[in-house]
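**Q** Enclosed is the structure file target-v6.csv (CSV, C-alpha atoms and all ligand atoms).
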```csv
chain,number,residue,atom,x,y,z
A,1,MET,CA,-15.5,8.8,9.6
A,2,ILE,CA,-15.3,5.0,10.1
A,3,THR,CA,-12.2,3.3,11.5
A,4,LYS,CA,-11.5,-0.3,11.9
A,5,THR,CA,-8.4,-2.1,13.2
A,6,ILE,CA,-7.2,-5.5,12.3
A,7,GLN,CA,-4.6,-7.4,14.4
A,8,VAL,CA,-2.4,-9.8,12.5
A,9,GLY,CA,0.0,-11.9,14.4
A,10,PHE,CA,3.0,-13.8,13.0
A,11,ALA,CA,5.1,-16.2,14.9
A,12,VAL,CA,8.5,-16.9,13.4
A,13,ALA,CA,11.0,-19.6,14.3
A,14,ALA,CA,14.5,-18.6,13.3
A,15,LEU,CA,17.6,-20.7,12.6
A,16,GLY,CA,16.1,-23.9,14.0
A,17,LEU,CA,16.4,-22.5,17.5
A,18,VAL,CA,13.6,-22.5,20.0
A,19,SER,CA,13.7,-18.7,19.9
A,20,ILE,CA,10.4,-17.6,18.7
A,21,PHE,CA,9.4,-14.0,18.4
A,22,ALA,CA,6.1,-12.6,17.7
A,23,SER,CA,5.3,-9.4,15.8
A,24,GLN,CA,2.0,-7.8,16.0
A,25,VAL,CA,1.2,-6.0,12.7
A,26,LYS,CA,-1.7,-3.7,13.0
A,27,VAL,CA,-3.7,-2.4,10.1
A,28,THR,CA,-5.7,0.8,10.7
A,29,ILE,CA,-8.3,1.7,8.1
A,30,ALA,CA,-9.9,5.1,7.9
A,31,HIS,CA,-12.6,6.0,5.5
A,32,ASN,CA,-14.1,9.4,4.6
A,33,PRO,CA,-17.3,8.7,2.7
A,34,ASN,CA,-18.0,10.8,-0.4
A,35,ALA,CA,-20.0,13.4,1.5
A,36,THR,CA,-17.1,14.3,3.9
A,37,ALA,CA,-14.0,13.6,1.8
A,38,THR,CA,-12.0,16.7,1.0
A,39,SER,CA,-8.6,17.6,-0.5
A,40,ALA,CA,-7.2,17.9,3.1
A,41,PHE,CA,-7.1,14.0,3.3
A,42,LYS,CA,-7.7,14.2,7.0
A,43,PHE,CA,-8.6,11.1,8.9
A,44,ARG,CA,-9.4,10.4,12.5
A,45,ASP,CA,-6.9,7.6,13.2
A,46,VAL,CA,-4.5,7.7,10.3
A,47,PRO,CA,-2.0,10.6,9.8
A,48,PRO,CA,-2.6,12.7,6.7
A,49,PRO,CA,-0.2,12.1,3.7
A,50,ALA,CA,3.3,13.4,4.4
A,51,LYS,CA,5.9,15.0,2.1
A,52,ASP,CA,9.0,14.5,4.4
A,53,ASP,CA,8.6,10.7,4.7
A,54,ALA,CA,11.3,8.1,3.8
A,55,ALA,CA,9.5,7.2,0.5
A,56,PHE,CA,9.5,10.7,-0.8
A,57,GLY,CA,11.2,10.7,-4.2
A,58,SER,CA,12.2,7.0,-3.9
A,59,LYS,CA,12.6,4.8,-6.9
A,60,LEU,CA,9.5,2.9,-8.1
A,61,LEU,CA,9.5,0.0,-10.5
A,62,LEU,CA,6.6,-1.8,-12.2
A,63,LEU,CA,7.1,-5.6,-12.0
A,64,ASP,CA,3.7,-6.8,-13.3
A,65,GLY,CA,0.6,-5.4,-14.9
A,66,ASP,CA,-0.2,-2.5,-17.2
A,67,ILE,CA,-0.4,1.2,-16.1
A,68,ASP,CA,-3.6,2.9,-17.2
A,69,PRO,CA,-2.5,5.7,-19.6
A,70,ASN,CA,-5.4,7.9,-18.3
A,71,GLY,CA,-3.6,8.1,-15.0
A,72,SER,CA,-0.1,9.0,-13.8
A,73,ASP,CA,3.0,6.9,-13.7
A,74,LEU,CA,4.2,5.3,-10.4
A,75,SER,CA,6.1,8.5,-9.4
A,76,VAL,CA,2.8,10.1,-8.3
A,77,LEU,CA,2.8,7.6,-5.3
A,78,THR,CA,5.8,9.3,-3.6
A,79,ASP,CA,5.6,12.9,-4.8
A,80,GLY,CA,4.0,14.1,-1.5
A,81,LEU,CA,0.9,15.4,-3.4
A,82,THR,CA,-2.6,14.2,-3.3
A,83,PRO,CA,-5.6,14.8,-5.5
A,84,THR,CA,-7.8,17.9,-5.0
A,85,ASP,CA,-10.9,16.2,-6.4
A,86,GLU,CA,-12.6,12.9,-5.9
A,87,ASP,CA,-12.1,11.7,-9.5
A,88,GLN,CA,-8.7,13.1,-10.7
A,89,PRO,CA,-7.0,10.4,-12.8
A,90,GLY,CA,-3.8,12.4,-13.4
A,91,ALA,CA,-3.1,12.7,-9.6
A,92,ASN,CA,-3.4,9.0,-9.1
A,93,PHE,CA,-1.7,5.7,-10.1
A,94,PHE,CA,-3.9,2.9,-11.2
A,95,PHE,CA,-3.6,-0.3,-13.2
A,96,ASP,CA,-5.3,-0.4,-16.6
A,97,ALA,CA,-9.1,-0.8,-16.9
A,98,GLY,CA,-10.3,-4.4,-17.3
A,99,THR,CA,-7.0,-5.8,-16.0
A,100,GLY,CA,-6.6,-7.7,-12.7
A,101,GLY,CA,-4.1,-5.4,-10.9
A,102,GLY,CA,-0.4,-5.8,-10.8
A,103,ARG,CA,2.8,-5.5,-8.8
A,104,PHE,CA,5.2,-2.6,-8.1
A,105,ARG,CA,8.3,-2.1,-5.9
A,106,ILE,CA,9.6,0.8,-3.9
A,107,ASP,CA,13.3,1.0,-3.2
A,108,LEU,CA,14.1,3.2,-0.2
A,109,GLY,CA,17.8,3.4,-1.2
A,110,SER,CA,19.1,1.8,2.0
A,111,VAL,CA,17.9,-0.3,4.9
A,112,ILE,CA,15.9,1.8,7.4
A,113,ASN,CA,13.9,1.2,10.5
A,114,VAL,CA,10.4,1.3,9.3
A,115,ALA,CA,7.7,2.4,11.8
A,116,GLN,CA,4.7,2.9,9.5
A,117,ILE,CA,3.6,2.3,6.0
A,118,ASN,CA,0.6,4.4,5.0
A,119,THR,CA,-1.4,4.3,1.8
A,120,TYR,CA,-4.0,6.7,0.5
A,121,SER,CA,-6.6,6.5,-2.2
A,122,TRP,CA,-9.7,8.5,-3.4
A,123,HIS,CA,-12.5,7.7,-5.9
A,124,PRO,CA,-16.3,8.2,-5.6
A,125,ASN,CA,-17.1,4.5,-6.2
A,126,THR,CA,-15.4,1.1,-6.8
A,127,ARG,CA,-11.9,2.5,-7.4
A,128,GLY,CA,-11.8,4.0,-3.9
A,129,PRO,CA,-11.1,1.0,-1.7
A,130,GLN,CA,-7.7,-0.6,-1.4
A,131,VAL,CA,-6.9,-4.3,-1.7
A,132,TYR,CA,-3.3,-5.4,-1.7
A,133,ARG,CA,-0.7,-7.7,-0.2
A,134,LEU,CA,2.5,-6.0,1.2
A,135,TRP,CA,5.9,-7.6,1.1
A,136,ALA,CA,9.2,-6.2,2.4
A,137,SER,CA,12.9,-7.1,2.3
A,138,ASP,CA,16.2,-5.9,3.5
A,139,GLY,CA,17.8,-7.5,0.4
A,140,SER,CA,20.2,-9.6,2.5
A,141,ASP,CA,18.9,-13.1,1.6
A,142,PRO,CA,21.4,-15.0,-0.7
A,143,LYS,CA,18.4,-16.0,-2.8
A,144,PHE,CA,17.1,-12.4,-2.9
A,145,ASN,CA,15.4,-11.4,-6.2
A,146,ALA,CA,15.1,-7.6,-6.3
A,147,GLU,CA,12.7,-7.8,-9.3
A,148,PRO,CA,10.3,-10.7,-8.9
A,149,LYS,CA,7.8,-10.7,-11.8
A,150,GLY,CA,4.2,-11.5,-11.2
A,151,SER,CA,4.6,-15.3,-11.7
A,152,ILE,CA,7.3,-15.5,-8.9
A,153,ASP,CA,6.3,-16.0,-5.3
A,154,PRO,CA,8.3,-13.4,-3.3
A,155,ALA,CA,8.4,-15.7,-0.3
A,156,SER,CA,10.7,-17.9,-2.4
A,157,CYS,CA,13.3,-15.2,-3.0
A,158,GLY,CA,14.0,-13.3,0.1
A,159,TRP,CA,10.7,-11.4,0.7
A,160,LYS,CA,8.6,-11.4,3.8
A,161,VAL,CA,4.8,-10.8,3.8
A,162,ILE,CA,3.9,-8.0,6.1
A,163,THR,CA,0.1,-8.1,5.8
A,164,VAL,CA,-2.9,-8.1,3.5
A,165,VAL,CA,-5.0,-4.9,3.3
A,166,ASP,CA,-8.6,-5.0,2.3
A,167,THR,CA,-10.7,-1.9,3.1
A,168,ARG,CA,-13.9,-3.1,1.4
A,169,SER,CA,-17.0,-3.2,3.5
A,170,LYS,CA,-19.7,-5.9,3.6
A,171,GLU,CA,-22.3,-3.3,2.5
A,172,GLY,CA,-20.3,-2.4,-0.6
A,173,GLU,CA,-21.0,1.3,-0.3
A,174,ASP,CA,-17.3,1.9,-0.5
A,175,GLY,CA,-16.8,5.1,-2.5
A,176,GLY,CA,-14.7,7.9,-0.9
A,177,GLN,CA,-11.3,8.4,0.5
A,178,TYR,CA,-9.1,5.9,2.3
A,179,GLY,CA,-6.1,6.2,4.6
A,180,VAL,CA,-4.5,2.9,5.7
A,181,SER,CA,-1.7,2.8,8.3
A,182,ILE,CA,0.3,-0.3,8.8
A,183,THR,CA,2.2,-0.4,12.1
A,184,ASP,CA,3.5,-2.8,14.7
A,185,ALA,CA,2.5,-3.0,18.4
A,186,GLY,CA,6.2,-2.9,19.3
A,187,GLY,CA,6.8,0.4,17.3
A,188,LEU,CA,9.0,-1.2,14.6
A,189,LEU,CA,7.6,-2.9,11.6
A,190,GLY,CA,11.1,-4.0,10.6
A,191,LYS,CA,14.4,-3.0,9.0
A,192,TYR,CA,13.7,-2.9,5.3
A,193,ARG,CA,15.0,-1.4,2.0
A,194,TYR,CA,12.4,-2.7,-0.4
A,195,LEU,CA,8.6,-2.8,-0.4
A,196,LEU,CA,6.6,-4.9,-2.8
A,197,PHE,CA,2.9,-4.2,-3.4
A,198,ASP,CA,0.6,-6.9,-5.0
A,199,CYS,CA,-2.5,-4.9,-6.0
A,200,TYR,CA,-5.8,-6.6,-6.6
A,201,VAL,CA,-9.1,-5.3,-8.1
A,202,THR,CA,-11.8,-4.3,-5.7
A,203,GLU,CA,-14.5,-6.0,-7.9
A,204,VAL,CA,-14.9,-7.8,-11.2
A,205,ALA,CA,-18.4,-6.8,-12.1
A,206,ASP,CA,-17.1,-4.3,-14.6
A,207,ASN,CA,-13.8,-2.8,-15.8
A,208,TRP,CA,-13.4,-0.3,-13.0
A,209,GLY,CA,-12.0,-2.2,-10.1
A,210,ASN,CA,-8.4,-0.9,-10.0
A,211,THR,CA,-7.9,1.5,-7.1
A,212,PHE,CA,-6.9,5.1,-7.6
A,213,TYR,CA,-3.8,5.1,-5.4
A,214,SER,CA,-2.8,8.7,-4.5
A,215,GLU,CA,0.2,8.3,-2.2
A,216,VAL,CA,2.4,5.9,-0.3
A,217,ASP,CA,4.3,7.1,2.8
A,218,VAL,CA,7.0,5.2,4.6
A,219,VAL,CA,7.7,6.6,8.1
A,220,ALA,CA,11.1,5.9,9.6
A,221,LYS,CA,11.3,5.1,13.3
A,222,LYS,CA,12.7,8.0,15.2
B,301,CA,CA,0.9,11.6,-4.8
```
Reformat the file's structure so that it appears as structure tokens.
**A**
Amino acid sequence: MITKTIQVGFAVAALGLVSIFASQVKVTIAHNPNATATSAFKFRDVPPPAKDDAAFGSKLLLLDGDIDPNGSDLSVLTDGLTPTDEDQPGANFFFDAGTGGGRFRIDLGSVINVAQINTYSWHPNTRGPQVYRLWASDGSDPKFNAEPKGSIDPASCGWKVITVVDTRSKEGEDGGQYGVSITDAGGLLGKYRYLLFDCYVTEVADNWGNTFYSEVDVVAKK
């Protein structure tokens, strides 16, 4: 298993005051290559997919892009289940072949203290790695747009960028299973109700660059 950690720091000045606080978003990427990936979805430094997390059964909404009819709809991302095989379209959500990704939203139903956001994927080659930008909101901004289409910059309507995830390696031998865990050094990512995922293709050399996403977990701070 290979694990790498990326530290992303944001400094935010609020309300024109000198008050500056820093959050330390940490992205932990775990990879099980094809030879060792199993249906157990076990990783060294990322927890396995959960069923009792805050995203279980939450409402999902497609905001941009086309769903591949060979795969599942968005609900597969929060059903607590993961594929039992490395190439199982019906157990994954993915954007349509030959398209450039898309955007979807998770509504947790109410504002919660989010400690972790974990994403899981599995495919034997170019649809294994994950490349996305994650946004979040508590919905309180007067300009808040709960359903920003792909042409709208979420930053302009009450959303905050949490981080960018890119699990691809320089070597490009990226098939297998991925677990990504997004946390904060302080223990709390933030108080959020909505999460927005801008998903990108892992490559454009052929039509098979849209990731097979298996599950998204949101872990509330205890
Ligand atoms: Ca699932």
**Q** Give me, as a Markdown table, each residue of chain A that comes within 12 Å of ligand CA 301 (chain B), together with its shortest interatomic pair and the distance in Å at one decimal, counting all atoms listed in the file, with rows ordered by chain and rising residue number.
**A**
```
| residue | atom | partner | partner_atom | distance |
| --- | --- | --- | --- | --- |
| A:Phe41 | CA | B:CA301 | CA | 11.6 |
| A:Pro49 | CA | B:CA301 | CA | 8.6 |
| A:Ala50 | CA | B:CA301 | CA | 9.7 |
| A:Lys51 | CA | B:CA301 | CA | 9.2 |
| A:Ala55 | CA | B:CA301 | CA | 11.0 |
| A:Phe56 | CA | B:CA301 | CA | 9.5 |
| A:Gly57 | CA | B:CA301 | CA | 10.4 |
| A:Gly71 | CA | B:CA301 | CA | 11.7 |
| A:Ser72 | CA | B:CA301 | CA | 9.4 |
| A:Asp73 | CA | B:CA301 | CA | 10.3 |
| A:Leu74 | CA | B:CA301 | CA | 9.1 |
| A:Ser75 | CA | B:CA301 | CA | 7.6 |
| A:Val76 | CA | B:CA301 | CA | 4.3 |
| A:Leu77 | CA | B:CA301 | CA | 4.5 |
| A:Thr78 | CA | B:CA301 | CA | 5.5 |
| A:Asp79 | CA | B:CA301 | CA | 4.9 |
| A:Gly80 | CA | B:CA301 | CA | 5.2 |
| A:Leu81 | CA | B:CA301 | CA | 4.0 |
| A:Thr82 | CA | B:CA301 | CA | 4.6 |
| A:Pro83 | CA | B:CA301 | CA | 7.3 |
| A:Thr84 | CA | B:CA301 | CA | 10.7 |
| A:Gln88 | CA | B:CA301 | CA | 11.4 |
| A:Pro89 | CA | B:CA301 | CA | 11.3 |
| A:Gly90 | CA | B:CA301 | CA | 9.8 |
| A:Ala91 | CA | B:CA301 | CA | 6.3 |
| A:Asn92 | CA | B:CA301 | CA | 6.6 |
| A:Phe93 | CA | B:CA301 | CA | 8.3 |
| A:Phe94 | CA | B:CA301 | CA | 11.8 |
| A:Thr119 | CA | B:CA301 | CA | 10.1 |
| A:Tyr120 | CA | B:CA301 | CA | 8.7 |
| A:Ser121 | CA | B:CA301 | CA | 9.4 |
| A:Trp122 | CA | B:CA301 | CA | 11.1 |
| A:Phe212 | CA | B:CA301 | CA | 10.5 |
| A:Tyr213 | CA | B:CA301 | CA | 8.0 |
| A:Ser214 | CA | B:CA301 | CA | 4.7 |
| A:Glu215 | CA | B:CA301 | CA | 4.3 |
| A:Val216 | CA | B:CA301 | CA | 7.4 |
| A:Asp217 | CA | B:CA301 | CA | 9.5 |
```
**Q** Using CA of Leu188 (chain A) and CA of His31 (chain A) as the two end points, give the distance in Å to one decimal.
**A**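 Taking CA of Leu188 (chain A) as the start and CA of His31 (chain A) as the end point, the length is 24.5 Å.
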**Q** When you count all atoms listed in the file, which of these residues is closest to Lys191 (chain A): A:Ser151, A:Ser39, A:Asn34, A:Gln116?
**A**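 Using all atoms listed in the file, the shortest distance to Lys191 (chain A) belongs to A:Gln116.
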**Q** Expressed in Å to a single decimal, how great is the separation between CA of Gly179 (chain A) and CA of Val27 (chain A)?
**A**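 Calculated distance between CA of Gly179 (chain A) and CA of Val27 (chain A) is 10.5 Å.
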**Q** Go ahead and compute the interatomic distance for CA of Thr183 (chain A) and CA of Gly102 (chain A), in Å to one decimal.
**A** 23.7 Å
**Q** Find the residue from A:Tyr192, A:Arg103, A:Phe95, A:Gly109 that sits nearest to Ile152 (chain A); use only C-alpha atoms when measuring.
**A**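 Of A:Tyr192, A:Arg103, A:Phe95, A:Gly109, the one nearest Ile152 (chain A) is A:Arg103, counting only C-alpha atoms.
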**Q** Taking into account only C-alpha atoms, which residue in the set A:Lys26, A:Lys59, A:Lys143, A:Arg105 is nearest to Leu189 (chain A)?
**A**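 Looking only at the distances to Leu189 (chain A), the closest residue turns out to be A:Lys26.
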**Q** Quick one: of A:Arg133, A:Asp53, A:Asn145, A:Gly175, who's nearest to Val114 (chain A), counting only C-alpha atoms?
**A** A:Asp53
**Q** Between A:Gly190, A:Pro48, A:Pro69, A:Gly150, which one has atoms that come closest to Tyr178 (chain A), using all atoms listed in the file?
**A**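 Of A:Gly190, A:Pro48, A:Pro69, A:Gly150, the one nearest Tyr178 (chain A) is A:Pro48, counting all atoms listed in the file.
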**Q** Using only C-alpha atoms, which residue out of A:Ala205, A:Cys199, A:Ala185, A:Val180 lies closest to Asp64 (chain A)?
**A**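 Ranked by minimum distance to Asp64 (chain A), first place goes to A:Cys199.
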**Q** Generate the missing atoms of region 141-162 of chain A up to N, CA, C and O atoms and report them as a PDB file, in the frame of the given file.
**A**
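Final output, saved to selection-v1.pdb:
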```pdb
ATOM      1  N   ASP A 141      19.014 -11.681   1.886  1.00  0.00           N
ATOM      2  CA  ASP A 141      18.900 -13.100   1.600  1.00  0.00           C
ATOM      3  C   ASP A 141      19.767 -13.485   0.407  1.00  0.00           C
ATOM      4  O   ASP A 141      19.680 -12.811  -0.621  1.00  0.00           O
ATOM      5  N   PRO A 142      20.598 -14.551   0.503  1.00  0.00           N
ATOM      6  CA  PRO A 142      21.400 -15.000  -0.700  1.00  0.00           C
ATOM      7  C   PRO A 142      20.539 -15.245  -1.899  1.00  0.00           C
ATOM      8  O   PRO A 142      21.003 -15.085  -3.028  1.00  0.00           O
ATOM      9  N   LYS A 143      19.304 -15.650  -1.668  1.00  0.00           N
ATOM     10  CA  LYS A 143      18.400 -16.000  -2.800  1.00  0.00           C
ATOM     11  C   LYS A 143      17.607 -14.724  -3.227  1.00  0.00           C
ATOM     12  O   LYS A 143      16.689 -14.833  -4.042  1.00  0.00           O
ATOM     13  N   PHE A 144      17.926 -13.559  -2.678  1.00  0.00           N
ATOM     14  CA  PHE A 144      17.100 -12.400  -2.900  1.00  0.00           C
ATOM     15  C   PHE A 144      16.984 -12.030  -4.395  1.00  0.00           C
ATOM     16  O   PHE A 144      17.970 -11.895  -5.103  1.00  0.00           O
ATOM     17  N   ASN A 145      15.737 -11.880  -4.831  1.00  0.00           N
ATOM     18  CA  ASN A 145      15.400 -11.400  -6.200  1.00  0.00           C
ATOM     19  C   ASN A 145      14.814 -10.013  -6.017  1.00  0.00           C
ATOM     20  O   ASN A 145      13.713  -9.875  -5.492  1.00  0.00           O
ATOM     21  N   ALA A 146      15.519  -8.992  -6.468  1.00  0.00           N
ATOM     22  CA  ALA A 146      15.100  -7.600  -6.300  1.00  0.00           C
ATOM     23  C   ALA A 146      13.911  -7.261  -7.219  1.00  0.00           C
ATOM     24  O   ALA A 146      13.226  -6.260  -7.003  1.00  0.00           O
ATOM     25  N   GLU A 147      13.702  -8.085  -8.264  1.00  0.00           N
ATOM     26  CA  GLU A 147      12.700  -7.800  -9.300  1.00  0.00           C
ATOM     27  C   GLU A 147      11.804  -8.971  -9.583  1.00  0.00           C
ATOM     28  O   GLU A 147      11.762  -9.426 -10.733  1.00  0.00           O
ATOM     29  N   PRO A 148      11.096  -9.526  -8.594  1.00  0.00           N
ATOM     30  CA  PRO A 148      10.300 -10.700  -8.900  1.00  0.00           C
ATOM     31  C   PRO A 148       9.056 -10.347  -9.748  1.00  0.00           C
ATOM     32  O   PRO A 148       8.225  -9.535  -9.353  1.00  0.00           O
ATOM     33  N   LYS A 149       8.976 -10.948 -10.916  1.00  0.00           N
ATOM     34  CA  LYS A 149       7.800 -10.700 -11.800  1.00  0.00           C
ATOM     35  C   LYS A 149       6.588 -11.350 -11.171  1.00  0.00           C
ATOM     36  O   LYS A 149       6.672 -12.102 -10.197  1.00  0.00           O
ATOM     37  N   GLY A 150       5.432 -11.078 -11.773  1.00  0.00           N
ATOM     38  CA  GLY A 150       4.200 -11.500 -11.200  1.00  0.00           C
ATOM     39  C   GLY A 150       4.041 -13.000 -10.976  1.00  0.00           C
ATOM     40  O   GLY A 150       3.299 -13.453 -10.107  1.00  0.00           O
ATOM     41  N   SER A 151       4.767 -13.800 -11.773  1.00  0.00           N
ATOM     42  CA  SER A 151       4.600 -15.300 -11.700  1.00  0.00           C
ATOM     43  C   SER A 151       5.519 -15.828 -10.561  1.00  0.00           C
ATOM     44  O   SER A 151       5.436 -17.016 -10.254  1.00  0.00           O
ATOM     45  N   ILE A 152       6.352 -14.993  -9.945  1.00  0.00           N
ATOM     46  CA  ILE A 152       7.300 -15.500  -8.900  1.00  0.00           C
ATOM     47  C   ILE A 152       6.744 -15.184  -7.528  1.00  0.00           C
ATOM     48  O   ILE A 152       6.298 -14.069  -7.248  1.00  0.00           O
ATOM     49  N   ASP A 153       6.780 -16.213  -6.669  1.00  0.00           N
ATOM     50  CA  ASP A 153       6.300 -16.000  -5.300  1.00  0.00           C
ATOM     51  C   ASP A 153       7.457 -15.315  -4.516  1.00  0.00           C
ATOM     52  O   ASP A 153       8.554 -15.872  -4.360  1.00  0.00           O
ATOM     53  N   PRO A 154       7.205 -14.094  -4.028  1.00  0.00           N
ATOM     54  CA  PRO A 154       8.300 -13.400  -3.300  1.00  0.00           C
ATOM     55  C   PRO A 154       8.817 -14.123  -2.119  1.00  0.00           C
ATOM     56  O   PRO A 154       9.981 -13.959  -1.768  1.00  0.00           O
ATOM     57  N   ALA A 155       7.971 -14.975  -1.510  1.00  0.00           N
ATOM     58  CA  ALA A 155       8.400 -15.700  -0.300  1.00  0.00           C
ATOM     59  C   ALA A 155       9.576 -16.674  -0.696  1.00  0.00           C
ATOM     60  O   ALA A 155      10.354 -17.073   0.169  1.00  0.00           O
ATOM     61  N   SER A 156       9.683 -17.015  -1.982  1.00  0.00           N
ATOM     62  CA  SER A 156      10.700 -17.900  -2.400  1.00  0.00           C
ATOM     63  C   SER A 156      12.049 -17.245  -2.697  1.00  0.00           C
ATOM     64  O   SER A 156      13.043 -17.897  -2.989  1.00  0.00           O
ATOM     65  N   CYS A 157      12.060 -15.922  -2.638  1.00  0.00           N
ATOM     66  CA  CYS A 157      13.300 -15.200  -3.000  1.00  0.00           C
ATOM     67  C   CYS A 157      13.587 -14.017  -2.130  1.00  0.00           C
ATOM     68  O   CYS A 157      13.890 -12.922  -2.597  1.00  0.00           O
ATOM     69  N   GLY A 158      13.453 -14.249  -0.812  1.00  0.00           N
ATOM     70  CA  GLY A 158      14.000 -13.300   0.100  1.00  0.00           C
ATOM     71  C   GLY A 158      13.022 -12.176   0.580  1.00  0.00           C
ATOM     72  O   GLY A 158      13.451 -11.185   1.166  1.00  0.00           O
ATOM     73  N   TRP A 159      11.725 -12.355   0.309  1.00  0.00           N
ATOM     74  CA  TRP A 159      10.700 -11.400   0.700  1.00  0.00           C
ATOM     75  C   TRP A 159       9.873 -11.938   1.855  1.00  0.00           C
ATOM     76  O   TRP A 159       9.587 -13.127   1.880  1.00  0.00           O
ATOM     77  N   LYS A 160       9.418 -11.043   2.727  1.00  0.00           N
ATOM     78  CA  LYS A 160       8.600 -11.400   3.800  1.00  0.00           C
ATOM     79  C   LYS A 160       7.207 -10.738   3.682  1.00  0.00           C
ATOM     80  O   LYS A 160       7.161  -9.525   3.414  1.00  0.00           O
ATOM     81  N   VAL A 161       6.133 -11.488   3.845  1.00  0.00           N
ATOM     82  CA  VAL A 161       4.800 -10.800   3.800  1.00  0.00           C
ATOM     83  C   VAL A 161       4.570 -10.068   5.050  1.00  0.00           C
ATOM     84  O   VAL A 161       4.786 -10.574   6.154  1.00  0.00           O
ATOM     85  N   ILE A 162       4.183  -8.813   4.904  1.00  0.00           N
ATOM     86  CA  ILE A 162       3.900  -8.000   6.100  1.00  0.00           C
ATOM     87  C   ILE A 162       2.436  -8.113   6.470  1.00  0.00           C
ATOM     88  O   ILE A 162       2.104  -8.351   7.628  1.00  0.00           O
TER      89      ILE A 162
END
```
